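Asker: Dumping the structure here so I can ask a few things about it.
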2 protein chains.
Amino acid sequence: MFKVNKLTDYATVLLIEIARRKVVQSSQHIAEQTGIPSPTVAKIMKSLNRAGLVASRRGASGGYSLERAAELITLADVIQAVEGPIALTACADTSDEHCNIESICPVQGKWNRANTAVRAALTQVTLADMVADMTMFGVPQHVAQTTAAE
Amino acid sequence: MFKVNKLTDYATVLLIEIARRKVVQSSQHIAEQTGIPSPTVAKIMKSLNRAGLVASRRGASGGYSLERAAELITLADVIQAVEGPIALTACADTSDEHCNIESICPVQGKWNRANTAVRAALTQVTLADMVADMTMFGVPQHVAQTTAAE
DNA sequence: AAATACAGGACTAATTCAGTCCTATTTACC
DNA sequence: GGTAAATAGGACTGAATTAGTCCTGTATTT
């Protein structure tokens, strides 16, 4: 199956959680809210921070918040933050990886068109869209509960 | 990096080879032409045949040929043939896989929009496009040689 | 000063993927 | 009719990637 990493899927869940509440949340807290193991959350949040998708505050009562509006964070951003560049084949990307079938694949533009098309598609979908889709398909019980509980 | 399987990349190479010559070729022959190991070629060709992208003829002087014109074979077809359904996340696909974070991800349409967009993007790129892109970026030495030799 | 929380990176376990091989079936040709 | 050539299907193994954990250091609040 053609799919994104598990971690990328998690990342969207985390970002949606952060987008819903507007306050700074510790990675520990986010883990509890989402049910994703805390070390894993920490790892992902670091990537998202490095990529500039979330702002971090250290120290007591620190944590993470969105760096910019959910409308301005695209799925392409998230995937790139967690997995690196969106390049459907290895040779299209960094030229330090050498294609072992060079005789027929001398870094030609074979896949360029596809890369561009997929990147464009993923740039069209924003975090805000995903939040909207979620509630459309039925508000998740768990989040609804915990949100109400506060 | 967000990318397709190596086998899918191979598959495009194989299909391009088949598209260039119009005759029926054995999987063995295709392997020699492309430099991809013959058992691997055989495996991929079986998938492509099952998916209806290539026609097969058994027995002596048998082999494979395109089932339809290169313009009508899309990258989405190839990916689906080799990797299965294009579903960016596991839970969006067959419902027999159970998401282990169900509390926050009860098979919601979170990723639907993205799946649709990516599928559309990959449907726009055809095998004919890839053949064209290849020659545009410089005719591969090897294929040029062997083609001339016959 | 002490507690809290992020930053970076090393390491291990689990999963997936790539590649090979074996047996059965079909077809061409002598 | 027999033999060789080729695909069909599937099982199996080794390699590579991914997911997950943990440790040490640094910044910040109270």
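We label chains A, B, ... in the order they appear in the structure tokens, count residues from 1 in each chain, and number ligands from 1 in the order shown.
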Produce a table with one row for each residue of chain C that has an atom at most 6 Å from any atom of chain B, each row naming the nearest atom pair and its distance in Å at one decimal; use only C-alpha atoms (C1' of nucleotides); arrange rows by chain and rising residue number; format as JSON lines.
Answerer:
```
{"residue": "C:DT26", "atom": "C1'", "partner": "B:Arg58", "partner_atom": "CA", "distance": 5.8}
{"residue": "C:DT27", "atom": "C1'", "partner": "B:Gly59", "partner_atom": "CA", "distance": 3.9}
{"residue": "C:DA28", "atom": "C1'", "partner": "B:Ala60", "partner_atom": "CA", "distance": 5.1}
```
Asker: Just give me the gap between atom CA of B:Gly109 and atom CA of A:Ile36 in Å, one decimal is fine.
Answerer: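 So the answer is 19.3 Å.
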Asker: My list of candidates is D:DT18, D:DT30, D:DT13, D:DT3. Which is closest to C:DA2 when distances are computed with only C-alpha atoms (C1' of nucleotides)?
Answerer: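 With only C-alpha atoms (C1' of nucleotides) as the atom set, the closest residue is D:DT30.
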Asker: Residues of chain D near chain A: apply a cut-off of 9 Å, count only C-alpha atoms (C1' of nucleotides), and supply the list as an NGL selection string.
Answerer: :D and (18-22 or 27-30)
Asker: Would you return as a PDB file with all heavy atoms, in the first residue's frame the members of stretch 1-125 of chain B that DSSP assigns to strand (DSSP E) on this structure's backbone?
Answerer:
```
ATOM      1  N   VAL B  54      -0.427  -5.418 -18.407  1.00  0.00           N
ATOM      2  CA  VAL B  54       0.241  -6.083 -19.520  1.00  0.00           C
ATOM      3  C   VAL B  54      -0.477  -7.392 -19.840  1.00  0.00           C
ATOM      4  O   VAL B  54      -1.105  -7.992 -18.969  1.00  0.00           O
ATOM      5  CB  VAL B  54       1.726  -6.395 -19.194  1.00  0.00           C
ATOM      6  CG1 VAL B  54       2.501  -5.131 -18.920  1.00  0.00           C
ATOM      7  CG2 VAL B  54       1.828  -7.360 -18.031  1.00  0.00           C
ATOM      8  N   ALA B  55      -0.380  -7.788 -21.110  1.00  0.00           N
ATOM      9  CA  ALA B  55      -0.921  -9.071 -21.532  1.00  0.00           C
ATOM     10  C   ALA B  55       0.215 -10.080 -21.525  1.00  0.00           C
ATOM     11  O   ALA B  55       1.360  -9.719 -21.804  1.00  0.00           O
ATOM     12  CB  ALA B  55      -1.509  -8.940 -22.929  1.00  0.00           C
ATOM     13  N   SER B  56      -0.078 -11.307 -21.183  1.00  0.00           N
ATOM     14  CA  SER B  56       0.983 -12.330 -21.158  1.00  0.00           C
ATOM     15  C   SER B  56       0.658 -13.445 -22.142  1.00  0.00           C
ATOM     16  O   SER B  56      -0.518 -13.732 -22.417  1.00  0.00           O
ATOM     17  CB  SER B  56       1.115 -12.906 -19.752  1.00  0.00           C
ATOM     18  OG  SER B  56       0.024 -13.747 -19.467  1.00  0.00           O
ATOM     19  N   ARG B  57       1.698 -14.030 -22.677  1.00  0.00           N
ATOM     20  CA  ARG B  57       1.545 -15.237 -23.492  1.00  0.00           C
ATOM     21  C   ARG B  57       2.502 -16.280 -22.967  1.00  0.00           C
ATOM     22  O   ARG B  57       3.711 -16.035 -22.883  1.00  0.00           O
ATOM     23  CB  ARG B  57       1.864 -14.936 -24.962  1.00  0.00           C
ATOM     24  CG  ARG B  57       0.629 -14.612 -25.784  1.00  0.00           C
ATOM     25  CD  ARG B  57       0.993 -14.361 -27.238  1.00  0.00           C
ATOM     26  NE  ARG B  57       1.692 -15.475 -27.876  1.00  0.00           N
ATOM     27  CZ  ARG B  57       2.353 -15.378 -29.028  1.00  0.00           C
ATOM     28  NH1 ARG B  57       2.412 -14.197 -29.652  1.00  0.00           N
ATOM     29  NH2 ARG B  57       2.949 -16.421 -29.563  1.00  0.00           N
ATOM     30  N   GLY B  63       5.729 -14.247 -23.691  1.00  0.00           N
ATOM     31  CA  GLY B  63       6.274 -13.057 -23.044  1.00  0.00           C
ATOM     32  C   GLY B  63       5.181 -12.051 -22.746  1.00  0.00           C
ATOM     33  O   GLY B  63       4.009 -12.413 -22.614  1.00  0.00           O
ATOM     34  N   TYR B  64       5.579 -10.792 -22.625  1.00  0.00           N
ATOM     35  CA  TYR B  64       4.623  -9.762 -22.242  1.00  0.00           C
ATOM     36  C   TYR B  64       4.557  -8.638 -23.269  1.00  0.00           C
ATOM     37  O   TYR B  64       5.524  -8.352 -23.972  1.00  0.00           O
ATOM     38  CB  TYR B  64       5.034  -9.154 -20.898  1.00  0.00           C
ATOM     39  CG  TYR B  64       5.019 -10.124 -19.746  1.00  0.00           C
ATOM     40  CD1 TYR B  64       6.188 -10.780 -19.356  1.00  0.00           C
ATOM     41  CD2 TYR B  64       3.855 -10.377 -19.044  1.00  0.00           C
ATOM     42  CE1 TYR B  64       6.184 -11.662 -18.282  1.00  0.00           C
ATOM     43  CE2 TYR B  64       3.843 -11.268 -17.985  1.00  0.00           C
ATOM     44  CZ  TYR B  64       5.004 -11.900 -17.603  1.00  0.00           C
ATOM     45  OH  TYR B  64       4.990 -12.769 -16.549  1.00  0.00           O
ATOM     46  N   SER B  65       3.420  -7.999 -23.305  1.00  0.00           N
ATOM     47  CA  SER B  65       3.245  -6.781 -24.098  1.00  0.00           C
ATOM     48  C   SER B  65       2.228  -5.902 -23.367  1.00  0.00           C
ATOM     49  O   SER B  65       1.511  -6.383 -22.495  1.00  0.00           O
ATOM     50  CB  SER B  65       2.737  -7.131 -25.488  1.00  0.00           C
ATOM     51  OG  SER B  65       1.528  -7.867 -25.387  1.00  0.00           O
ATOM     52  N   LEU B  66       2.187  -4.629 -23.728  1.00  0.00           N
ATOM     53  CA  LEU B  66       1.234  -3.737 -23.067  1.00  0.00           C
ATOM     54  C   LEU B  66      -0.194  -4.173 -23.386  1.00  0.00           C
ATOM     55  O   LEU B  66      -0.490  -4.582 -24.497  1.00  0.00           O
ATOM     56  CB  LEU B  66       1.433  -2.299 -23.534  1.00  0.00           C
ATOM     57  CG  LEU B  66       2.697  -1.573 -23.079  1.00  0.00           C
ATOM     58  CD1 LEU B  66       2.574  -0.086 -23.406  1.00  0.00           C
ATOM     59  CD2 LEU B  66       2.955  -1.751 -21.589  1.00  0.00           C
TER      60      LEU B  66
END
```
Asker: Taking 5 positions as the minimum chain separation for residues in the same chain, which residues sit within 9 Å of A:Asp77 when counting only C-alpha atoms (C1' of nucleotides)? Answer as a compact mmCIF listing (two decimals) with C-alpha atoms, in the first residue's frame.
Answerer:
```txt
# COMPACT_ATOMS: atom_id res chain seq x y z
CA ALA A 51 10.65 22.36 10.62
CA LEU A 53 5.55 24.22 12.25
CA VAL A 82 8.63 14.14 9.64
CA LEU A 122 -0.44 17.71 -0.71
CA THR A 123 0.02 21.45 -0.56
```
Asker: Leaving out B:Gln124 and any residue of its chain fewer than 4 positions from it, which residues lie within 12 Å of it when counting only C-alpha atoms (C1' of nucleotides), given as number ranges by chain?
Answerer: A: 113-118, 121; B: 71-77, 117-120, 128-130
Asker: Could you write out that same residue set with N, CA, C and O atoms as an mmCIF file, in the first residue's frame?
Answerer:
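Saved as selection.cif:
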```
data_model
loop_
_atom_site.group_PDB
_atom_site.id
_atom_site.type_symbol
_atom_site.label_atom_id
_atom_site.label_comp_id
_atom_site.auth_asym_id
_atom_site.auth_seq_id
_atom_site.Cartn_x
_atom_site.Cartn_y
_atom_site.Cartn_z
ATOM 1 N N ARG A 113 7.544 14.889 -13.160
ATOM 2 C CA ARG A 113 6.159 15.286 -13.323
ATOM 3 C C ARG A 113 5.308 14.784 -12.161
ATOM 4 O O ARG A 113 4.503 15.516 -11.597
ATOM 5 N N ALA A 114 5.548 13.528 -11.798
ATOM 6 C CA ALA A 114 4.775 12.927 -10.719
ATOM 7 C C ALA A 114 5.081 13.608 -9.389
ATOM 8 O O ALA A 114 4.175 13.913 -8.613
ATOM 9 N N ASN A 115 6.341 13.861 -9.148
ATOM 10 C CA ASN A 115 6.720 14.535 -7.900
ATOM 11 C C ASN A 115 6.018 15.870 -7.770
ATOM 12 O O ASN A 115 5.454 16.194 -6.722
ATOM 13 N N THR A 116 6.063 16.624 -8.837
ATOM 14 C CA THR A 116 5.438 17.939 -8.818
ATOM 15 C C THR A 116 3.944 17.828 -8.551
ATOM 16 O O THR A 116 3.390 18.559 -7.719
ATOM 17 N N ALA A 117 3.308 16.895 -9.238
ATOM 18 C CA ALA A 117 1.866 16.731 -9.100
ATOM 19 C C ALA A 117 1.484 16.354 -7.673
ATOM 20 O O ALA A 117 0.555 16.917 -7.091
ATOM 21 N N VAL A 118 2.237 15.416 -7.095
ATOM 22 C CA VAL A 118 1.907 14.965 -5.745
ATOM 23 C C VAL A 118 2.172 16.076 -4.732
ATOM 24 O O VAL A 118 1.372 16.311 -3.827
ATOM 25 N N ALA A 121 -0.630 18.443 -4.836
ATOM 26 C CA ALA A 121 -1.836 17.893 -4.219
ATOM 27 C C ALA A 121 -1.769 18.003 -2.703
ATOM 28 O O ALA A 121 -2.729 18.384 -2.045
ATOM 29 N N GLU B 71 -0.583 5.791 -23.345
ATOM 30 C CA GLU B 71 -1.305 6.998 -22.937
ATOM 31 C C GLU B 71 -2.402 6.666 -21.928
ATOM 32 O O GLU B 71 -2.882 7.545 -21.215
ATOM 33 N N LEU B 72 -2.790 5.416 -21.898
ATOM 34 C CA LEU B 72 -3.919 5.023 -21.051
ATOM 35 C C LEU B 72 -3.477 4.317 -19.775
ATOM 36 O O LEU B 72 -4.288 3.829 -19.013
ATOM 37 N N ILE B 73 -2.160 4.233 -19.598
ATOM 38 C CA ILE B 73 -1.661 3.620 -18.364
ATOM 39 C C ILE B 73 -1.130 4.732 -17.466
ATOM 40 O O ILE B 73 -0.188 5.439 -17.839
ATOM 41 N N THR B 74 -1.733 4.896 -16.313
ATOM 42 C CA THR B 74 -1.339 5.989 -15.431
ATOM 43 C C THR B 74 -0.423 5.481 -14.317
ATOM 44 O O THR B 74 -0.369 4.284 -14.026
ATOM 45 N N LEU B 75 0.252 6.428 -13.713
ATOM 46 C CA LEU B 75 1.129 6.094 -12.606
ATOM 47 C C LEU B 75 0.330 5.512 -11.448
ATOM 48 O O LEU B 75 0.808 4.625 -10.731
ATOM 49 N N ALA B 76 -0.873 5.990 -11.288
ATOM 50 C CA ALA B 76 -1.742 5.444 -10.244
ATOM 51 C C ALA B 76 -1.963 3.950 -10.504
ATOM 52 O O ALA B 76 -1.918 3.143 -9.565
ATOM 53 N N ASP B 77 -2.165 3.591 -11.757
ATOM 54 C CA ASP B 77 -2.344 2.186 -12.118
ATOM 55 C C ASP B 77 -1.130 1.362 -11.701
ATOM 56 O O ASP B 77 -1.257 0.282 -11.128
ATOM 57 N N ALA B 117 -6.784 13.748 -3.472
ATOM 58 C CA ALA B 117 -5.904 14.674 -4.184
ATOM 59 C C ALA B 117 -4.700 13.946 -4.771
ATOM 60 O O ALA B 117 -4.334 14.152 -5.933
ATOM 61 N N VAL B 118 -4.104 13.073 -3.983
ATOM 62 C CA VAL B 118 -2.914 12.366 -4.448
ATOM 63 C C VAL B 118 -3.277 11.393 -5.568
ATOM 64 O O VAL B 118 -2.575 11.293 -6.571
ATOM 65 N N ARG B 119 -4.382 10.706 -5.382
ATOM 66 C CA ARG B 119 -4.821 9.778 -6.427
ATOM 67 C C ARG B 119 -5.038 10.519 -7.736
ATOM 68 O O ARG B 119 -4.615 10.071 -8.806
ATOM 69 N N ALA B 120 -5.656 11.671 -7.658
ATOM 70 C CA ALA B 120 -5.916 12.469 -8.861
ATOM 71 C C ALA B 120 -4.602 12.873 -9.507
ATOM 72 O O ALA B 120 -4.433 12.787 -10.728
ATOM 73 N N ALA B 128 3.071 7.274 -21.138
ATOM 74 C CA ALA B 128 3.532 8.008 -22.318
ATOM 75 C C ALA B 128 4.290 9.274 -21.891
ATOM 76 O O ALA B 128 5.324 9.622 -22.472
ATOM 77 N N ASP B 129 3.806 9.950 -20.866
ATOM 78 C CA ASP B 129 4.497 11.136 -20.348
ATOM 79 C C ASP B 129 5.902 10.781 -19.903
ATOM 80 O O ASP B 129 6.863 11.506 -20.165
ATOM 81 N N MET B 130 6.010 9.649 -19.232
ATOM 82 C CA MET B 130 7.304 9.271 -18.673
ATOM 83 C C MET B 130 8.296 8.913 -19.767
ATOM 84 O O MET B 130 9.478 9.244 -19.674
#
```
Asker: Which residues are near B:Ala70? Cut-off 7 Å, only C-alpha atoms (C1' of nucleotides), ignore same chain within fewer than 4 positions. Put them as a PDB file with N, CA and C atoms, in the first residue's frame.
Answerer:
```pdb
ATOM      1  N   ALA B  19       7.120  -0.434 -23.650  1.00  0.00           N
ATOM      2  CA  ALA B  19       6.423   0.541 -24.487  1.00  0.00           C
ATOM      3  C   ALA B  19       7.284   0.943 -25.678  1.00  0.00           C
ATOM      4  N   THR B 126       0.866   9.813 -17.170  1.00  0.00           N
ATOM      5  CA  THR B 126       0.756   8.543 -17.892  1.00  0.00           C
ATOM      6  C   THR B 126       2.126   7.987 -18.245  1.00  0.00           C
ATOM      7  N   LEU B 127       2.124   6.735 -18.626  1.00  0.00           N
ATOM      8  CA  LEU B 127       3.350   6.076 -19.057  1.00  0.00           C
ATOM      9  C   LEU B 127       3.939   6.810 -20.263  1.00  0.00           C
ATOM     10  N   ALA B 128       3.071   7.274 -21.138  1.00  0.00           N
ATOM     11  CA  ALA B 128       3.532   8.008 -22.318  1.00  0.00           C
ATOM     12  C   ALA B 128       4.290   9.274 -21.891  1.00  0.00           C
TER      13      ALA B 128
END
```
Asker: Applying 9 Å and only C-alpha atoms (C1' of nucleotides), which residues near A:Gly52 remain after dropping the ones on its own chain fewer than 5 positions away? List them as a ChimeraX atom specification.
Answerer: /A:47,67,81
Asker: Check the smallest atom-to-atom distance from each of A:Thr34, A:Leu48, A:Val78, A:Arg21 to chain B using only C-alpha atoms, then report the winner.
Answerer: A:Thr34
Asker: Would you mind telling me which residue in A:Ala87, A:Val24, A:Ile16, A:Val4 lies nearest to A:Met134 when using only C-alpha atoms?
Answerer: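 Selected residue with least distance to A:Met134: A:Ile16.
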Asker: Write out as an NGL selection string which residues come within 10 Å of D:DA15 when counting only C-alpha atoms (C1' of nucleotides), dropping same-chain ones fewer than 5 positions away.
Answerer: :C and (17-19)
Asker: Grab the residues selected above and save them as a PDB file, in the first residue's frame with N, CA, C and O atoms (P, O5', C5', C4', C3', O3' and C1' of nucleotides).
Answerer:
```
ATOM      1  P    DC C  17       6.112  -2.374   2.977  1.00  0.00           P
ATOM      2  O5'  DC C  17       7.477  -2.758   2.260  1.00  0.00           O
ATOM      3  C5'  DC C  17       8.639  -1.998   2.587  1.00  0.00           C
ATOM      4  C4'  DC C  17       9.841  -2.574   1.889  1.00  0.00           C
ATOM      5  C3'  DC C  17       9.580  -3.003   0.450  1.00  0.00           C
ATOM      6  O3'  DC C  17      10.614  -2.454  -0.339  1.00  0.00           O
ATOM      7  C1'  DC C  17      10.547  -4.785   1.694  1.00  0.00           C
ATOM      8  P    DA C  18      10.590  -2.611  -1.921  1.00  0.00           P
ATOM      9  O5'  DA C  18      11.759  -3.655  -2.132  1.00  0.00           O
ATOM     10  C5'  DA C  18      12.989  -3.434  -1.459  1.00  0.00           C
ATOM     11  C4'  DA C  18      13.963  -4.556  -1.725  1.00  0.00           C
ATOM     12  C3'  DA C  18      14.040  -5.004  -3.174  1.00  0.00           C
ATOM     13  O3'  DA C  18      15.420  -5.128  -3.498  1.00  0.00           O
ATOM     14  C1'  DA C  18      13.509  -6.851  -1.778  1.00  0.00           C
ATOM     15  P    DG C  19      15.844  -5.495  -4.991  1.00  0.00           P
ATOM     16  O5'  DG C  19      16.004  -7.064  -4.907  1.00  0.00           O
ATOM     17  C5'  DG C  19      16.919  -7.606  -3.963  1.00  0.00           C
ATOM     18  C4'  DG C  19      16.727  -9.093  -3.865  1.00  0.00           C
ATOM     19  C3'  DG C  19      16.697  -9.841  -5.201  1.00  0.00           C
ATOM     20  O3'  DG C  19      17.866 -10.629  -5.290  1.00  0.00           O
ATOM     21  C1'  DG C  19      15.067 -10.662  -3.678  1.00  0.00           C
TER      22       DG C  19
END
```
Asker: Can you tell me how far atom CA of B:Val41 sits from atom CA of B:Ile18, in Å to one decimal?
Answerer: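 Between atom CA of B:Val41 and atom CA of B:Ile18 the gap works out to 12.2 Å.
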Asker: Between atom CA of A:Thr12 and atom CA of A:Gly84, what is the spacing in Å?
Answerer: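 Pair atom CA of A:Gly84 / atom CA of A:Thr12 returns 15.3 Å.
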Asker: Would you please extract all alpha helix (DSSP H) residues from stretch 27-85 of chain B, as assigned by DSSP on the backbone, and give them as a ChimeraX atom specification?
Answerer: /B:27-34,38-50,75-83
